[in-house]
$ cat work.cif   # mmCIF, C-alpha atoms
data_query
#
loop_
_atom_site.label_atom_id
_atom_site.label_comp_id
_atom_site.auth_asym_id
_atom_site.auth_seq_id
_atom_site.Cartn_x
_atom_site.Cartn_y
_atom_site.Cartn_z
CA MET A 7 -15.57 -26.14 8.83
CA ALA A 8 -18.23 -27.17 6.34
CA GLY A 9 -20.75 -27.83 9.09
CA LEU A 10 -20.30 -24.49 10.83
CA ALA A 11 -22.68 -21.66 10.11
CA ARG A 12 -20.94 -18.44 9.16
CA ARG A 13 -22.14 -15.22 10.76
CA THR A 14 -23.39 -12.71 8.21
CA GLU A 15 -21.26 -9.58 8.00
CA THR A 16 -22.83 -6.20 8.50
CA PRO A 17 -22.20 -3.63 5.72
CA ALA A 18 -19.96 -1.69 8.10
CA GLU A 19 -17.86 -4.79 8.82
CA LEU A 20 -17.56 -5.59 5.12
CA LEU A 21 -16.38 -2.08 4.25
CA SER A 22 -14.00 -1.98 7.20
CA GLY A 23 -12.50 -5.32 6.16
CA MET A 24 -11.99 -4.23 2.58
CA ARG A 25 -10.40 -1.00 3.74
CA GLU A 26 -7.80 -3.02 5.66
CA VAL A 27 -7.10 -5.07 2.53
CA ILE A 28 -6.38 -2.14 0.23
CA ALA A 29 -4.89 0.31 2.74
CA GLY A 30 -1.52 -1.41 3.25
CA PRO A 31 1.54 -1.75 1.00
CA LEU A 32 0.90 -3.26 -2.42
CA ALA A 33 3.49 -5.96 -1.77
CA GLY A 34 1.29 -7.53 0.91
CA ILE A 35 -2.12 -7.13 -0.68
CA ALA A 36 -2.45 -10.84 -1.57
CA ASN A 37 -1.79 -11.90 2.03
CA ARG A 38 -4.28 -9.36 3.38
CA PHE A 39 -6.96 -10.41 0.87
CA SER A 40 -6.32 -14.08 1.65
CA GLN A 41 -6.86 -13.44 5.37
CA HIS A 42 -9.99 -11.45 4.55
CA LEU A 43 -11.44 -14.38 2.56
CA ALA A 44 -10.28 -17.17 4.86
CA ASP A 45 -13.56 -17.59 6.75
CA ARG A 46 -15.78 -16.86 3.77
CA CYS A 47 -13.98 -19.03 1.23
CA PRO A 48 -11.50 -21.61 2.59
CA HIS A 49 -8.50 -21.92 0.26
CA THR A 50 -4.94 -23.18 0.40
CA ALA A 51 -3.36 -20.46 -1.75
CA LEU A 52 -4.34 -17.16 -3.36
CA ILE A 53 -2.80 -15.69 -6.49
CA ILE A 54 -3.47 -12.32 -8.12
CA PHE A 55 -2.12 -11.91 -11.66
CA THR A 56 -1.95 -8.56 -13.42
CA ARG A 57 0.10 -7.51 -16.43
CA GLU A 58 0.04 -3.89 -15.20
CA CYS A 59 2.65 -4.66 -12.52
CA THR A 60 5.65 -5.23 -14.77
CA GLY A 61 8.00 -5.67 -11.82
CA ARG A 62 5.87 -8.28 -10.01
CA PRO A 63 2.84 -9.46 -12.00
CA ARG A 64 2.03 -12.17 -9.41
CA LYS A 65 0.78 -11.27 -5.92
CA VAL A 66 0.74 -14.49 -3.92
CA ALA A 67 -0.22 -15.93 -0.55
CA GLY A 68 0.20 -19.54 0.48
CA PRO A 69 2.80 -22.29 0.88
CA ALA A 70 6.11 -21.29 -0.69
CA GLU A 71 6.69 -24.75 -2.15
CA PHE A 72 3.55 -24.28 -4.26
CA ILE A 73 3.31 -20.57 -5.11
CA GLU A 74 6.98 -20.31 -6.11
CA ARG A 75 6.36 -22.91 -8.85
CA VAL A 76 3.32 -21.14 -10.31
CA THR A 77 4.45 -19.54 -13.56
CA VAL A 78 3.28 -16.46 -15.39
CA ASP A 79 2.62 -18.57 -18.49
CA GLU A 80 0.25 -20.86 -16.57
CA LEU A 81 -1.64 -17.87 -15.20
CA ASP A 82 -1.80 -16.21 -18.61
CA VAL A 83 -3.34 -19.35 -20.13
CA LEU A 84 -6.01 -19.37 -17.42
CA ARG A 85 -6.66 -15.65 -17.81
CA GLN A 86 -7.14 -15.91 -21.55
CA SER A 87 -9.53 -18.82 -21.11
CA LEU A 88 -11.97 -16.53 -19.28
CA GLU A 89 -14.00 -13.63 -20.60
CA PRO A 90 -13.75 -10.40 -18.56
CA GLY A 91 -16.11 -10.74 -15.60
CA ALA A 92 -16.33 -14.56 -15.90
CA THR A 93 -15.54 -17.15 -13.24
CA THR A 94 -14.62 -20.83 -13.35
CA THR A 95 -14.31 -23.74 -10.95
CA GLY A 96 -12.43 -26.93 -11.75
CA PRO A 97 -9.06 -28.55 -12.38
CA VAL A 98 -6.39 -26.22 -13.77
CA ARG A 99 -2.72 -26.74 -14.50
CA LEU A 100 -0.63 -24.77 -11.99
CA ALA A 101 2.86 -25.23 -10.53
CA GLY A 102 3.50 -28.03 -12.99
CA GLY A 103 0.50 -30.11 -11.80
CA THR A 104 -3.28 -30.16 -11.82
CA HIS A 105 -5.13 -28.41 -8.99
CA ARG A 106 -8.76 -27.62 -8.29
CA VAL A 107 -9.29 -23.88 -8.29
CA TRP A 108 -11.85 -21.12 -8.38
CA ALA A 109 -10.85 -18.18 -10.57
CA VAL A 110 -12.29 -14.89 -11.75
CA ARG A 111 -11.05 -12.52 -14.43
CA ASP A 112 -12.01 -9.02 -13.33
CA ARG A 113 -13.23 -6.47 -15.86
CA ALA A 114 -9.94 -4.62 -15.30
CA ASP A 115 -8.24 -7.77 -16.78
CA THR A 116 -6.80 -8.83 -13.41
CA LEU A 117 -7.00 -12.52 -12.47
CA LEU A 118 -7.76 -13.99 -9.03
CA VAL A 119 -7.05 -17.68 -8.40
CA LEU A 120 -8.00 -19.56 -5.22
CA THR A 121 -6.76 -23.14 -4.84
CA LEU A 122 -9.45 -25.14 -3.05
CA PRO A 123 -9.00 -27.91 -0.48
CA ASP A 124 -10.82 -31.19 -1.01
CA GLY A 125 -14.59 -30.79 -0.78
CA ALA A 126 -14.50 -27.00 -0.45
CA GLU A 127 -16.92 -24.86 -2.43
CA VAL A 128 -17.00 -21.12 -3.02
CA ALA A 129 -20.04 -19.64 -1.32
CA GLY A 130 -21.27 -16.45 -2.97
CA PRO A 131 -18.98 -16.23 -5.99
CA GLU A 132 -20.64 -12.97 -7.09
CA GLU A 133 -19.78 -11.42 -3.72
CA ILE A 134 -16.16 -12.64 -3.90
CA SER A 135 -15.89 -11.27 -7.44
CA ALA A 136 -17.20 -7.89 -6.29
CA ARG A 137 -14.69 -7.73 -3.45
CA PHE A 138 -11.90 -8.66 -5.84
CA GLY A 139 -13.03 -5.85 -8.12
CA ILE A 140 -12.16 -3.39 -5.34
CA VAL A 141 -8.76 -5.03 -4.89
CA ALA A 142 -8.06 -4.99 -8.63
CA THR A 143 -9.00 -1.31 -8.87
CA SER A 144 -6.73 -0.47 -5.94
CA ILE A 145 -3.80 -2.28 -7.58
CA ARG A 146 -4.41 -0.46 -10.83
CA GLN A 147 -4.50 2.95 -9.14
CA GLN A 148 -1.37 2.32 -7.09
CA VAL A 149 0.54 1.29 -10.19
CA ALA A 150 -0.73 4.31 -12.14
CA GLN A 151 0.18 6.71 -9.36
CA ALA A 152 3.58 5.09 -8.66
CA SER A 153 3.03 5.38 -4.91
CA PRO A 154 5.92 4.96 -2.46
CA ASP A 155 4.55 1.53 -1.54
CA TYR A 156 4.64 0.47 -5.18
CA LEU A 157 8.16 1.93 -5.43
CA ALA A 158 9.27 -0.27 -2.53
CA GLU A 159 7.75 -3.38 -4.08
CA SER A 160 9.24 -2.54 -7.47
CA ARG A 161 12.65 -2.23 -5.89
CA ALA A 162 12.32 -5.65 -4.30
CA ALA A 163 11.11 -7.16 -7.58
CA SER A 164 13.99 -5.55 -9.47
CA SER A 165 16.51 -7.01 -7.03
CA GLU A 166 14.93 -10.44 -7.38
CA ARG A 167 14.92 -10.21 -11.16
CA ALA A 168 18.54 -9.00 -11.26
CA ARG A 169 19.57 -11.95 -9.09
CA THR A 170 17.69 -14.38 -11.35
CA ILE A 171 19.21 -12.89 -14.48
CA ALA A 172 22.70 -13.20 -13.01
CA GLU A 173 22.10 -16.84 -12.09
CA LEU A 174 20.67 -17.74 -15.50
CA THR A 175 23.48 -15.94 -17.27
CA ALA A 176 26.10 -17.80 -15.25
CA VAL A 177 24.47 -21.18 -15.95
CA GLN A 178 24.06 -20.53 -19.66
CA GLU A 179 27.57 -19.14 -19.99
CA ALA A 180 28.99 -22.26 -18.35
CA THR A 181 26.90 -24.49 -20.64
CA LEU A 182 27.89 -22.68 -23.83
CA THR A 183 31.53 -22.42 -22.78
CA GLY A 184 31.57 -26.16 -22.25
CA LEU A 185 29.96 -26.66 -25.64
CA LEU A 186 32.58 -24.48 -27.30
CA GLY A 187 35.35 -26.39 -25.58
CA THR A 188 33.96 -29.69 -26.84
CA LEU A 189 33.47 -28.45 -30.38
CA ARG A 190 36.98 -27.01 -30.50
CA SER A 191 38.43 -30.35 -29.46
CA ALA A 192 40.93 -31.85 -31.89
CA ASP A 193 39.31 -35.24 -31.37
CA LEU A 194 36.33 -34.24 -33.57
CA ASP A 195 36.80 -35.22 -37.22
CA ASP A 196 34.17 -33.20 -39.07
CA ARG A 197 35.81 -29.81 -39.28
CA ARG A 198 33.05 -28.14 -41.20
CA ALA A 199 30.40 -29.30 -38.75
CA ARG A 200 32.57 -28.21 -35.87
CA ALA A 201 33.15 -24.79 -37.42
CA ALA A 202 29.44 -24.25 -38.06
CA ALA A 203 28.50 -25.36 -34.55
CA THR A 204 31.24 -23.16 -33.06
CA GLU A 205 29.89 -20.15 -34.93
CA ILE A 206 26.32 -20.81 -33.74
CA ALA A 207 27.36 -21.34 -30.12
CA SER A 208 29.63 -18.27 -30.17
CA GLY A 209 26.79 -16.14 -31.48
CA ALA A 210 24.43 -17.51 -28.81
CA LEU A 211 26.96 -16.77 -26.08
CA ILE A 212 27.46 -13.20 -27.28
CA SER A 213 23.70 -12.66 -27.51
CA LEU A 214 23.15 -14.07 -24.02
CA ARG A 215 25.77 -11.82 -22.48
CA ALA A 216 24.33 -8.81 -24.31
CA ALA A 217 20.84 -9.65 -23.08
CA GLY A 218 22.12 -9.95 -19.52
CA GLU A 219 23.84 -6.57 -19.73
CA SER A 220 20.72 -5.01 -21.26
CA ASP A 221 18.49 -6.31 -18.47
CA ARG A 222 20.95 -5.25 -15.78
CA ALA A 223 21.08 -1.76 -17.35
CA ARG A 224 17.31 -1.48 -17.14
CA PHE A 225 17.31 -2.21 -13.41
CA ALA A 226 20.53 -0.45 -12.38
CA GLU A 227 21.90 3.05 -12.88
CA PRO A 228 25.46 4.31 -12.31
CA LEU A 229 25.57 6.93 -9.55
CA PRO A 230 27.40 9.55 -11.67
CA GLU A 231 24.78 9.22 -14.42
CA ALA A 232 21.94 9.42 -11.91
CA PHE A 233 23.41 12.61 -10.46
CA ALA A 234 24.01 14.10 -13.91
CA ARG A 235 20.31 13.58 -14.71
CA LEU A 236 19.40 15.26 -11.43
CA HIS A 237 21.73 18.20 -12.15
CA ALA A 238 20.04 18.78 -15.51
CA GLU A 239 16.58 18.61 -13.92
CA ILE A 240 17.51 21.10 -11.17
CA ASP A 241 19.04 23.48 -13.70
CA SER A 242 15.73 23.43 -15.54
CA LEU A 243 13.73 23.99 -12.34
CA LEU A 244 15.84 27.00 -11.30
CA CYS A 245 16.21 28.50 -14.78
CA GLY A 246 15.85 32.30 -14.63
CA ARG A 247 15.52 32.39 -10.83
CA GLY A 248 18.91 34.00 -10.21
CA ILE A 249 19.85 31.34 -7.66
CA ASP A 250 23.50 30.29 -7.44
CA LEU A 251 23.51 26.48 -7.76
CA HIS A 252 26.51 24.43 -6.64
CA CYS A 253 26.47 20.69 -7.34
CA SER A 254 28.95 18.08 -6.18
CA GLY A 255 28.43 14.59 -7.57
CA PRO A 256 29.57 11.19 -6.31
CA ALA A 257 33.11 10.08 -7.06
CA GLU A 258 32.17 6.41 -6.83
CA ASP A 259 31.47 4.78 -10.17
CA ARG A 260 29.10 2.13 -8.82
CA SER A 261 25.59 1.27 -9.92
CA VAL A 262 22.46 1.36 -7.78
CA SER A 263 18.97 0.02 -8.39
CA GLY A 264 16.80 2.20 -10.61
CA GLU A 265 14.32 2.64 -7.76
CA ILE A 266 16.99 4.07 -5.45
CA ALA A 267 18.16 6.50 -8.13
CA TYR A 268 14.58 7.52 -8.90
CA ALA A 269 13.69 8.01 -5.23
CA ALA A 270 16.86 10.03 -4.59
CA ARG A 271 16.13 12.38 -7.49
CA ALA A 272 12.49 12.74 -6.45
CA MET A 273 13.45 13.67 -2.89
CA VAL A 274 16.03 16.23 -4.05
CA ARG A 275 13.53 17.77 -6.48
CA ALA A 276 11.04 18.17 -3.64
CA VAL A 277 13.71 19.82 -1.49
CA VAL A 278 14.81 22.22 -4.23
CA LEU A 279 11.22 23.20 -5.00
CA ALA A 280 10.66 23.89 -1.30
CA PHE A 281 13.83 25.96 -1.12
CA GLY A 282 12.85 27.86 -4.27
CA ALA A 283 9.45 28.73 -2.80
CA GLU A 284 11.14 30.74 -0.03
CA PRO A 285 11.57 34.52 -0.44
CA GLY A 286 14.93 35.29 -1.96
CA PRO A 287 17.16 32.22 -1.54
CA GLU A 288 20.63 33.20 -2.77
CA ARG A 289 22.43 29.91 -3.06
CA ILE A 290 21.57 26.19 -3.14
CA ARG A 291 24.20 23.54 -2.65
CA LEU A 292 23.62 19.87 -3.54
CA ALA A 293 26.03 17.05 -2.83
CA TRP A 294 25.86 13.29 -3.32
CA THR A 295 28.45 11.03 -1.76
CA CYS A 296 28.68 7.33 -0.95
CA ASP A 297 30.14 5.84 2.23
CA GLY A 298 30.21 2.34 0.81
CA ASP A 299 26.89 1.19 2.26
CA ASN A 300 24.71 4.29 1.83
CA LEU A 301 23.95 7.07 -0.61
CA LEU A 302 24.36 10.35 1.31
CA ILE A 303 22.50 13.43 0.07
CA ASP A 304 23.13 16.92 1.44
CA ALA A 305 21.01 19.88 0.29
CA GLN A 306 21.47 23.37 1.72
CA GLU A 307 20.18 26.83 0.99
CA GLN A 308 21.69 30.00 2.41
CA ALA A 309 19.92 33.16 3.55
CA ALA A 310 16.18 32.48 3.76
CA GLY A 311 15.71 29.67 6.28
CA THR A 312 11.92 29.87 6.16
CA VAL A 313 11.09 26.56 4.48
CA ASP A 314 7.83 24.89 5.52
CA THR A 315 9.42 21.95 7.33
CA GLU A 316 6.15 20.12 8.04
CA ALA A 317 5.00 20.20 4.42
CA LEU A 318 8.42 19.17 3.13
CA SER A 319 8.66 16.36 5.70
CA ARG A 320 5.35 14.94 4.47
CA GLN A 321 6.71 14.85 0.93
CA LEU A 322 9.96 13.18 1.94
CA ALA A 323 8.58 10.63 4.39
CA GLY A 324 6.93 8.32 1.85
CA ARG A 325 9.92 8.21 -0.48
CA ALA A 326 12.34 7.66 2.40
CA ASP A 327 10.26 4.82 3.82
CA ALA A 328 9.98 3.20 0.40
CA VAL A 329 13.76 2.78 0.11
CA ARG A 330 14.37 2.29 3.86
CA GLY A 331 16.08 5.65 4.08
CA ALA A 332 16.17 8.39 6.70
CA TYR A 333 16.37 12.15 6.59
CA THR A 334 16.92 15.20 8.79
CA LEU A 335 15.47 18.63 8.16
CA GLU A 336 16.57 21.89 9.78
CA SER A 337 15.57 25.48 9.01
CA VAL A 338 16.78 28.59 10.85
CA PRO A 339 15.34 31.97 9.73
CA GLY A 340 18.04 34.30 8.47
CA TRP A 341 20.63 31.51 8.36
CA GLY A 342 19.31 28.89 5.99
CA SER A 343 17.86 25.40 5.62
CA ARG A 344 19.47 22.01 5.33
CA VAL A 345 18.18 18.56 4.46
CA THR A 346 20.28 15.40 4.69
CA VAL A 347 19.14 12.03 3.37
CA THR A 348 20.66 8.60 3.93
CA ILE A 349 19.57 5.77 1.60
CA PRO A 350 20.97 2.25 2.08
CA LEU A 351 22.33 0.91 -1.19
CA GLU A 352 21.49 -2.63 -0.14
CA HIS A 353 19.09 -3.93 2.52
CA ALA A 354 20.87 -6.28 4.90
CA PRO A 355 18.28 -8.60 6.46
CA THR A 356 18.59 -9.77 10.04
CA ARG A 357 20.68 -12.92 10.24
CA PRO A 358 18.92 -16.10 11.41
CA GLY A 359 18.96 -16.32 15.18
CA GLU A 360 19.93 -12.66 15.61
CA HIS A 361 17.92 -10.79 18.24
CA PRO A 362 15.68 -8.12 16.63
CA LEU A 363 17.07 -5.40 18.93
CA SER A 364 20.74 -6.28 18.42
CA THR A 365 21.09 -3.85 15.49
CA LEU A 366 19.81 -0.82 17.46
CA ASN A 367 22.26 1.58 19.09
CA ARG A 368 21.74 3.06 22.57
CA ARG A 369 19.87 6.17 21.38
CA GLU A 370 17.59 4.16 19.09
CA LEU A 371 16.71 1.88 22.00
CA GLU A 372 15.83 4.94 24.08
CA VAL A 373 13.61 6.31 21.34
CA LEU A 374 11.95 2.91 20.90
CA GLY A 375 11.26 2.84 24.65
CA HIS A 376 9.39 6.12 24.40
CA LEU A 377 7.49 4.90 21.33
CA THR A 378 6.17 1.96 23.37
CA THR A 379 4.52 4.47 25.74
CA GLY A 380 2.79 6.25 22.86
CA LYS A 381 4.84 9.47 22.98
CA ARG A 382 5.03 11.73 19.95
CA ASN A 383 8.26 13.19 18.54
CA ARG A 384 8.08 16.47 20.46
CA ALA A 385 7.63 14.70 23.80
CA ILE A 386 10.48 12.29 23.01
CA ALA A 387 12.74 15.21 22.04
CA ASP A 388 11.99 16.99 25.32
CA ALA A 389 12.60 13.83 27.34
CA LEU A 390 15.95 13.10 25.69
CA GLY A 391 17.16 16.68 25.27
CA ILE A 392 17.50 16.46 21.49
CA THR A 393 15.80 18.18 18.56
CA GLU A 394 12.58 16.90 17.03
CA SER A 395 14.39 16.47 13.70
CA THR A 396 16.90 14.18 15.40
CA VAL A 397 14.06 12.13 16.87
CA LYS A 398 12.57 11.73 13.38
CA PHE A 399 15.94 10.52 12.13
CA HIS A 400 16.22 7.92 14.91
CA VAL A 401 12.63 6.75 14.36
CA ALA A 402 13.26 6.27 10.65
CA ARG A 403 16.43 4.33 11.34
CA LEU A 404 14.91 1.99 13.90
CA LEU A 405 11.91 1.30 11.65
CA LYS A 406 14.34 0.22 8.96
CA LYS A 407 16.42 -1.91 11.31
CA LEU A 408 13.37 -3.61 12.81
CA ASP A 409 11.92 -4.16 9.33
CA VAL A 410 8.58 -2.55 10.21
CA THR A 411 6.70 0.21 8.41
CA THR A 412 4.91 2.20 11.13
CA ARG A 413 5.59 3.61 14.57
CA GLY A 414 2.75 1.50 15.92
CA GLU A 415 4.35 -1.72 14.66
CA ALA A 416 7.67 -0.70 16.22
CA ALA A 417 5.94 0.09 19.52
CA VAL A 418 4.17 -3.28 19.61
CA LEU A 419 7.42 -5.11 18.80
CA GLY A 420 9.34 -3.11 21.41
CA ALA A 421 6.74 -3.82 24.11
CA ARG A 422 6.73 -7.52 23.25
CA LEU A 423 10.53 -7.60 23.59
CA GLY A 424 10.44 -5.82 26.94
CA VAL A 425 11.62 -2.35 25.89
CA GLY A 426 10.25 0.51 27.99
CA ALA A 427 11.09 4.13 28.68
#

$ encode --input "work.cif" --output "structure tokens"
Amino acid sequence: MAGLARRTETPAELLSGMREVIAGPLAGIANRFSQHLADRCPHTALIIFTRECTGRPRKVAGPAEFIERVTVDELDVLRQSLEPGATTTGPVRLAGGTHRVWAVRDRADTLLVLTLPDGAEVAGPEEISARFGIVATSIRQQVAQASPDYLAESRAASSERARTIAELTAVQEATLTGLLGTLRSADLDDRRARAAATEIASGALISLRAAGESDRARFAEPLPEAFARLHAEIDSLLCGRGIDLHCSGPAEDRSVSGEIAYAARAMVRAVVLAFGAEPGPERIRLAWTCDGDNLLIDAQEQAAGTVDTEALSRQLAGRADAVRGAYTLESVPGWGSRVTVTIPLEHAPTRPGEHPLSTLNRRELEVLGHLTTGKRNRAIADALGITESTVKFHVARLLKKLDVTTRGEAAVLGARLGVGA
């Protein structure tokens, strides 16, 4: 590629390309930026490092066998070696070895690292730095605003961290237990040494288990406690309104990720505020239950039935998508309004070799067929003889099952797999 002339981008093309980089979910921003830079700056891997993302400080794109071995400590050493706004090109220790890289530390203290193939040079480093400045600013704003996309990524990072903690704890427990067994052996002669070593190892084992429990507590929340927090928040929101509040919490004493608990409370708060904005609601009923695989939320108000369903749907959609949930919303004047939310407690990925459509039921396949023709929810509802709210529920479910984020992606996938209305 070194001998090929690169066509100069127009300003409109540059801005359009950068918009595509920062417009998608935060979890994929490294991949999108890597694709954006591929023709301008050939590289084998791209790493973004920011301390602001506590759940996932590394955003990476490239071969898994390399990027999975790049540590935070290595990136931090490189970051601290650069002044804000400075760049460097040369050999750097990454993934346990030495690699030739180009790196820039943005003024927002975010680091970009590009690993370079043999003979490759970075053309226009100032331009690349400027583009990265836009990316770094976008990351910072998404983290500050705690967007649904960041919530989704944080949930994934929390799950990964919880798994890693569990594995490390198990390994260390086995090691220390073996050490204790050896030191307690009657074959050892030096009793005092054995006693001192036993005390040290016992203390380390206790500390390790405590640390594991502490970390798990940070990233998990028991359902009853999550609901109790919600109950207190709703009581505060409705204080002095004269609304009869009935709350029924989950009987299951299981823990869920902090992101699920947070999203569930945020969605219920939005629903209650919407109900409270109606003229004269008399009673609000909230219930959380668990069917084993999902958290089920049911919120109802009696009497008014004049909630702004479109505005409330916009508020719920982002949160529901972030945790792969689904919701239905119904409002009948003079009768009342009801919102139901289903949030999977765990995301079950498609098994290797399983057909992408095998998880869809008959109705979801029908809805997907209409999506491939570009129909909107109202048209689909009319065609199938169901309500628009039911269509929204089916769309949300099939997006989750197909592991896509937009209707357009689902439509493209459905068309490619031969689904049609």

$ resolve_selection --input "work.cif" --expression "the PyMOL selection byres ((chain A and resi 260) around 12)" --output "number ranges by chain"
A: 226-232, 256-259, 261-263, 267, 295-301, 351

$ resolve_selection --input "work.cif" --expression "the PyMOL selection byres ((chain A and resi 86-102) around 8)" --output "list of chain:residue names"
A:Phe72, A:Ile73, A:Glu74, A:Arg75, A:Val76, A:Thr77, A:Glu80, A:Leu81, A:Asp82, A:Val83, A:Leu84, A:Arg85, A:Gly103, A:Thr104, A:His105, A:Arg106, A:Val107, A:Trp108, A:Ala109, A:Val110, A:Arg111, A:Asp112, A:Arg113, A:Ala114, A:Asp115

$ atom_distance --input "work.cif" --atom1 "atom CA of Ala385 of chain A" --atom2 "atom CA of Ala421 of chain A"
18.5 Å

$ resolve_selection --input "work.cif" --expression "the PyMOL selection byres ((chain A and resi 68) around 9)" --output "list in words"
Asn37, Ser40, Thr50, Ala51, Leu52, Ile53, Val66, Ala67, Pro69, Ala70, Glu71, Phe72 and Ile73 of chain A

$ write_last_selection --input "work.cif" --atoms "C-alpha atoms" --output "tab-separated table (two decimals), in the frame of the given file"
chain	number	residue	atom	x	y	z
A	37	ASN	CA	-1.79	-11.90	2.03
A	40	SER	CA	-6.32	-14.08	1.65
A	50	THR	CA	-4.94	-23.18	0.40
A	51	ALA	CA	-3.36	-20.46	-1.75
A	52	LEU	CA	-4.34	-17.16	-3.36
A	53	ILE	CA	-2.80	-15.69	-6.49
A	66	VAL	CA	0.74	-14.49	-3.92
A	67	ALA	CA	-0.22	-15.93	-0.55
A	69	PRO	CA	2.80	-22.29	0.88
A	70	ALA	CA	6.11	-21.29	-0.69
A	71	GLU	CA	6.69	-24.75	-2.15
A	72	PHE	CA	3.55	-24.28	-4.26
A	73	ILE	CA	3.31	-20.57	-5.11
